[in-house]
Amino acid sequence: MAGAPGGRAPGPAAGEPLPQRRDSGQGFPEQQSFLSSLFPRNRSCPLMLLKTLETNPYVKLLLDAMKHSGCAINKERHFSCEDCDGNVSGGFDSSTSQIRAANLSGDCSLISEIFRLRFGLKKHHQTCVRDRAVLSILAVRNISTELAQQAVDEVFESCFNDHEPFGRIPHDKTYARYARRDFQNRDRYYSNI
Amino acid sequence: GPPRPCEAYRAEWELCRSTWHFLHHYYVYGQRPACQQWLRDLLNCRDWEQRRSAEAQRSLCESEQARVQARKHTLVWTLRQSPPADWHLPLPQEKDE
């Protein structure tokens, strides 16, 4: 995901690649490595990207909103397939972007947390968002845990309640579909309330 | 006419009342969700549409304005006025190739 629409993230500018190899994921690789030959074709990053862009309601809404703000997405220009450490969700280095990502992506859904063997029900989502945000910051910044936690605490209240462009926390695709429907309806909505 | 098609209020009401939503809401906020307003909005929407009721229109608009207000939050960032200048330009490495 690129940074939150409508906001200036104090991190890599949109489109600036994170530092790593440029030879991965630009169309189909010329030579299949042994490992990648173990996985069927439809698991390749470029194919998964295409499928996601066409069918995922979260992504479709985000891209609609970005286009509406003047940042139309070009899938060759604005995406890059990269190998990454499983611990990180996205490469944002701002606490605000990390909080929004953990909050809105489904990363902190009840099911995801159960799979991580972290059990908690009442308000556990917020604990997860804080923890994931801190972990993601630590993965891209060489700072202490205390400092990362402080950075998250400072902006948590505001960023946790920023649900743009969804208007709600999209717990699953149904919520994301409803959110997209609302976004498409926004002109009628604001002129009739 | 109403800000949303009346079916949208029904859909939101039904989603709100589902067990799955109850679980998610409790998981996030530590309390049960409040769904009655969606039902009130659904009934007012129908009144507005079918009977052109001024009272229903007023109630529904008030309800939606309250929702808009509830979603406001302090901004952390200064909002951009325009996209980055280089948004559509090729990446620096590509220019050298």
# chains A, B, ... in the order shown; residues from 1 in each chain; ligands from 1
>>> interface_residues(of="chain B", to="chain A", cutoff="7 Å", atoms="only C-alpha atoms", output="JSON, numbers by chain")
{"B": [1, 2, 3, 4, 26, 27, 28, 29, 30, 61, 64, 65, 73, 74, 75, 76, 77, 78, 79, 80, 83, 87, 90]}
>>> atom_distance(atom1="CA of Gln31 in chain B", atom2="CA of Arg130 in chain A")
19.4 Å
>>> residues_around(residues="Ser63 in chain B", least_positions_apart="6", cutoff="10 Å", atoms="only C-alpha atoms", output="PyMOL selection string")
(chain A and resi 193) or (chain B and resi 37-38+40-41+57)
>>> closest_residue(among="B:Pro33, B:Ser82, B:Leu39, B:Leu23", to="Ala11 in chain B", atoms="only C-alpha atoms")
B:Leu39
>>> residues_around(residues="Val152 in chain A", least_positions_apart="5", cutoff="10 Å", atoms="only C-alpha atoms", output="PyMOL selection string")
chain A and resi 94-96+98-99+129-131+133-134+137+146-147+157+159
>>> closest_residue(among="B:Pro84, B:Cys6, B:Cys45, B:Ala34", to="Leu60 in chain B", atoms="only C-alpha atoms")
B:Cys45
>>> residues_around(residues="Pro170 in chain A", least_positions_apart="6", cutoff="8 Å", atoms="only C-alpha atoms", output="list of chain:residue names")
A:Leu104, A:Ser105, A:Gly106, A:Ala176, A:Ala179
>>> residues_around(residues="Leu61 in chain A", least_positions_apart="4", cutoff="7 Å", atoms="only C-alpha atoms", output="list in words")
Pro57, Ala65 and Arg180 of chain A
>>> select_by_dssp(residues="chain B", states="helix (DSSP H, G or I)", output="compact mmCIF listing (two decimals) with C-alpha atoms, in the first residue's frame")
# COMPACT_ATOMS: atom_id res chain seq x y z
CA CYS B 6 -33.22 3.33 1.54
CA GLU B 7 -31.89 -0.24 0.99
CA ALA B 8 -28.52 1.01 2.24
CA TYR B 9 -30.05 1.74 5.68
CA ARG B 10 -31.56 -1.71 5.80
CA ALA B 11 -28.24 -3.29 4.82
CA GLU B 12 -26.39 -1.32 7.51
CA TRP B 13 -29.02 -2.20 10.13
CA GLU B 14 -28.80 -5.88 9.31
CA LEU B 15 -25.01 -5.84 9.28
CA CYS B 16 -24.99 -4.00 12.60
CA ARG B 17 -27.28 -6.55 14.22
CA THR B 19 -23.45 -11.73 15.55
CA TRP B 20 -20.27 -11.27 13.54
CA HIS B 21 -20.51 -7.50 13.82
CA PHE B 22 -21.28 -7.71 17.55
CA LEU B 23 -18.09 -9.72 18.00
CA HIS B 24 -15.96 -7.33 15.92
CA HIS B 25 -17.38 -4.25 17.60
CA TYR B 26 -16.77 -5.68 21.07
CA TYR B 27 -13.29 -6.69 19.98
CA VAL B 28 -12.50 -3.13 18.93
CA TYR B 29 -14.45 -0.96 21.41
CA GLN B 36 -31.37 1.31 16.57
CA GLN B 37 -30.41 4.50 14.77
CA TRP B 38 -30.06 2.61 11.47
CA LEU B 39 -33.64 1.35 11.88
CA ARG B 40 -34.91 4.86 12.64
CA ASP B 41 -33.05 6.10 9.57
CA LEU B 42 -34.56 3.34 7.43
CA LEU B 43 -38.10 4.28 8.49
CA ASN B 44 -37.44 8.01 8.02
CA CYS B 45 -35.91 7.32 4.61
CA ARG B 46 -39.06 5.53 3.49
CA ASP B 47 -41.29 8.29 4.89
CA TRP B 48 -39.24 10.90 3.08
CA GLU B 49 -39.30 8.99 -0.19
CA GLN B 50 -42.89 7.78 -0.19
CA ARG B 51 -44.81 10.44 1.77
CA ALA B 54 -40.65 17.02 6.12
CA GLU B 55 -40.29 15.66 9.64
CA ALA B 56 -38.68 12.46 8.36
CA GLN B 57 -36.33 14.51 6.18
CA ARG B 58 -35.26 16.62 9.15
CA SER B 59 -34.68 13.60 11.40
CA LEU B 60 -32.69 11.72 8.78
CA CYS B 61 -30.48 14.71 7.97
CA GLU B 62 -29.82 15.28 11.68
CA SER B 63 -28.84 11.67 12.08
CA GLU B 64 -26.44 11.74 9.13
CA GLN B 65 -24.90 15.04 10.22
CA ALA B 66 -24.23 13.51 13.64
CA ARG B 67 -22.47 10.62 11.89
CA VAL B 68 -20.27 13.01 9.92
CA GLN B 69 -19.36 14.86 13.13
CA ALA B 70 -18.61 11.62 14.97
CA PRO B 92 15.04 7.47 -11.26
CA GLN B 93 16.68 4.09 -12.09
CA GLU B 94 14.46 3.66 -15.14
CA LYS B 95 15.50 7.03 -16.52
CA ASP B 96 19.14 5.88 -16.61
